Amino acid sequence: MDMPGAERLPARDDVIAVIGMSCRLPKAPDLGAFWQLLRSGGDAITRVPADREQIGLPRAGEALPGTSFGGYLESVDRFDAEFFGISPREAIAMDPQQRLVLELSWEAFEDVGIVPGTVRGDRIGVFVGANRDDYAALLRGRGTDATTVHSNTGLQRGMIANRVSYALGLSGPSMTVDTAQSSSLVAVHLACESLRHGECTSALVGGVKLSISQETAAEEAKFGGLSPDGRCFTFDSRANGYARGEGGGMLVLKPLSSALAAGDPVYCVIRGSAVNSDGASDGLTVPSSAAQEAVIRRAHQLAGLQPADVQYVELHGTGTRVGDPVEAAALGAALGRDRREHGPLAVGSVKTNIGHLESAAGIAGFLKVALAIRGREIPASLNFREPNPQIPLDELNLRVQTRTTPWPQADRPLVAGVSSFGMGGTNCHVVVGEAPVLERSATPEPGAEPESASESGLVSAGSVAWVLSARSDVALAAQAGRLAEFVAGRPEVAAKDVAFSLAATRTTGFAHRLVVVGRDREQLLESLGAVAAGVGGVVPGVVSGVAGGGGVAVVFSGQGSQRVGMGLGLCEVFPVFAEAFDEVCGRFEGLL
């Protein structure tokens with residue numbers, strides 16, 4: 001089946017922009033750490049951590065094959081419930097997956113510069129892939145005495161998405177998607193369709209999976225899916241199953257036309273996607289090469305692309321003896337064989353770095369591709385030495401990406417595919433491309449937000465103000481520490497740009513507030529460091545306190561005798577103050 005030509009992007013309303021992202025993955029607590037892990041060929045697989053052994057995960061030497069290794073997050077038991085207005089008792093009853101998705105959703109909004117409090121009531125959708133209930137199994141194993149008034153909402157999987165919509169006040173579609181291992185990528189597909197049909201104006205979409213139940217580990221081991229070596233040998237002759245992984249990621253999606261009109265930053269675009277089912281294959285969990293080929297072809301047809309336009313495909317790539325050859329055959333038939341004059345198609349799997357995240361596997365692969373497009377490099381797929389004898393790479397015109405390199409055709413628009421297949425037969429493929437490059441207008445539109453710290457009143461007479469707020473003193477000090485670390489590690493970031501971002505794209509209305517004022521980066525960082533270290537007493541350049549009720553006013557009392565021209569300096573530096581001052585003077589004309 002031939003694919004249509006690819007002269008241009010499909011109609012802009014059909015193209016979806018990825019404008020924000022967040023992640024919490026093994027050895028990668030944020031996007032920057034994840035990209036560094038990928039670029040360096042990092043392996044995040046470890047033995048089961050001690051804190052997981054305490055809640056019942058198998059200890060080394062006592063485990064079924066493949067269950068004593070995996071990719072794990074740190075401190076999944078920790079959660080700032082007060083930050084989201086949740087009581088400690090309710091937080092204890094909540095599945096940690098709910099808690100993690102709340103955090104990731106907030107961080108994804110902040111990544112794009114959306115202050116969460118400003119979108120309450122907006123028609124924003126929430127789509128989350130999830131397919132495990134480990135925490136529910138742990139609590140129910142303790143009997144009915146462990147059940148509380150909050151257990152019903154805390155343990156239902158559907159509440160993972162609903163909790164985000166409720167906490168952030170979002171009124172678009174809200175659903176938890178379970179198609180087994182393809183859940184999060186199917187969630188991406190559903191979110192795109194919802195945006196295209198106008199059900200929502202933007203969408204939070206992603207996936208989550210935590211490994212906190214011994215029973216779940218045993219199920220996967222006895223099913224025969226886990227690698228005794230604790231590694232994913234994707235497309236390799238040693239392929240013998242997958243390593244378990246956990247984590248989550250969220251995206252903020254918006255129609256490309258809307259994103260460009262709003263001036264949103266764009267990581268990449270989703271040009272097309274498709275979902276189908278294996279139907280009646282050789283077994284309930286036996287994948288169908290024909291169905292996988294069909295879903296890949298369909299996604300690229302909808303994207304308006306030829307096989308030669310695709311430069312990389314992020315595989316489902318579990319490293320299983322049955323799954324790998326089936327996937328390779330499908331990909332070779334759909335894309336590889338029809339692009340021989342352009343060289344073999346590069347393929348790889350993030351599962352070789354962080355393990356198989358099951359319901360969150362698709363979003364992990366998508367994040368890898370989005371970062372690869374932004375960084376203009378394709379990271380290596382690990383653990384590949386020689387191809388599986390059942391995978392004729394040359395015949396299929398595929399090659400495994402064994403080292404980090406620039407894109408093979410960096411002078412052409414970057415295009416990649418992402419595949420994710422559920423064990424019950426739900427297949428999904430998403431086509432991702434780089435965003436169009438547009439020049440910004442030099443003249444701001446009337447009523448537009450200020451584009452610099454000086455225009456917004458955050459820079460005055462050689463000084464810069466950095467503002468922070470939090471729900472507690474401890475959280476405020478932690479924020480100061482993270483900000484100091486972020487700025488210190490990026491010498492190219494200007495102090496005034498940090499000032500603008502803190503004031504315009506972060507929540508500043510929490511009760512515990514802090515302002516750091518300084519002439520340059522060094523002075524600002526020194527003051528921040530003192531706050532983060534908990535230095536007592538008065539810190540030079542730092543004003544902090546707890547906000548009370550009411551607003552803020554600047555009062556100049558008396559007849560002006562204190563100082564002639566009082567307030568003139570503010571008028572000259574801060575346009576907002578000058579405008580308000582002129583308005584007040586105008587009101588008094590004819591009266592004084």
# chains A, B, ... in the order shown; residues from 1 in each chain; ligands from 1

$ residues_around --residues "Ser277 of chain A" --least-positions-apart "6" --cutoff "10 Å" --atoms "only C-alpha atoms" --output "list in words"
Pro287, Ser288, Ala291, Gln292, Ala294, Val295, Phe421, Gly422, Gly424, Gly425, Thr426, Asn427 and Cys428 of chain A

$ select_by_dssp --residues "segment 292-324 of chain A" --states "helix (DSSP H, G or I)" --output "JSON, numbers by chain"
{"A": [292, 293, 294, 295, 296, 297, 298, 299, 300, 301, 302, 303, 307, 308, 309, 323, 324]}

$ residues_around --residues "Val101 of chain A" --least-positions-apart "6" --cutoff "10 Å" --atoms "only C-alpha atoms" --output "list in words"
Cys23, Arg24, Glu107, Val128, Ile160, Ala161, Arg163, Val164, Val205, Gly206, Gly207, Val208, Lys209, Gly247, Gly248, Gly249 and Met250 of chain A

$ closest_atom_pairs --of "segment 299-366 of chain A" --to "segment 232-240 of chain A" --cutoff "9 Å" --atoms "only C-alpha atoms" --output "CSV"
residue,atom,partner,partner_atom,distance
A:Leu315,CA,A:Thr234,CA,8.9
A:Gly317,CA,A:Thr234,CA,5.4
A:Thr318,CA,A:Thr234,CA,6.1
A:Gly319,CA,A:Thr234,CA,4.0
A:Thr320,CA,A:Asn240,CA,5.3
A:Arg321,CA,A:Asn240,CA,5.9
A:Asp324,CA,A:Phe235,CA,5.8
A:Pro325,CA,A:Phe235,CA,7.5
A:Ala328,CA,A:Phe235,CA,8.1
A:Gly348,CA,A:Thr234,CA,7.8
A:Ser349,CA,A:Thr234,CA,6.9
A:Lys351,CA,A:Cys232,CA,6.4
A:Thr352,CA,A:Cys232,CA,5.0
A:Asn353,CA,A:Cys232,CA,8.3
A:Gly355,CA,A:Cys232,CA,6.8
A:His356,CA,A:Cys232,CA,8.1

$ select_by_dssp --residues "segment 201-401 of chain A" --states "strand (DSSP E)" --output "PyMOL selection string"
chain A and resi 202-209+244-245+247-255+268-277+312-314+345-348+377-378+398-400

$ residues_around --residues "segment 475-485 of chain A" --least-positions-apart "2" --cutoff "10 Å" --atoms "only C-alpha atoms" --output "VMD selection string"
chain A and resid 80 83 466 to 473 487 to 490 498 502 510 512 to 514 516 521 524 to 534 544

$ residues_around --residues "Leu38 of chain A" --least-positions-apart "5" --cutoff "9 Å" --atoms "only C-alpha atoms" --output "ChimeraX atom specification"
/A:33,43,350,353,368,378-381,404

$ atom_distance --atom1 "atom CA of Cys268 of chain A" --atom2 "atom CA of Arg374 of chain A"
7.5 Å

$ atom_distance --atom1 "atom CA of Ala299 of chain A" --atom2 "atom CA of Ala333 of chain A"
14.2 Å

$ atom_distance --atom1 "atom CA of Ala262 of chain A" --atom2 "atom CA of Gly113 of chain A"
11.7 Å

$ residues_around --residues "segment 216-221 of chain A" --least-positions-apart "4" --cutoff "8 Å" --atoms "only C-alpha atoms" --output "list in words"
Leu57, Leu64, Pro65, Gly66, Thr67, Asp134, Ser211, Gly225 and Leu226 of chain A

$ residues_around --residues "Val432 of chain A" --least-positions-apart "3" --cutoff "9 Å" --atoms "only C-alpha atoms" --output "ChimeraX atom specification"
/A:268-273,366,369-370,373,414-418

$ closest_residue --among "A:Asp111, A:Glu293, A:Glu377, A:Glu103" --to "Asp278 of chain A" --atoms "only C-alpha atoms"
A:Glu293
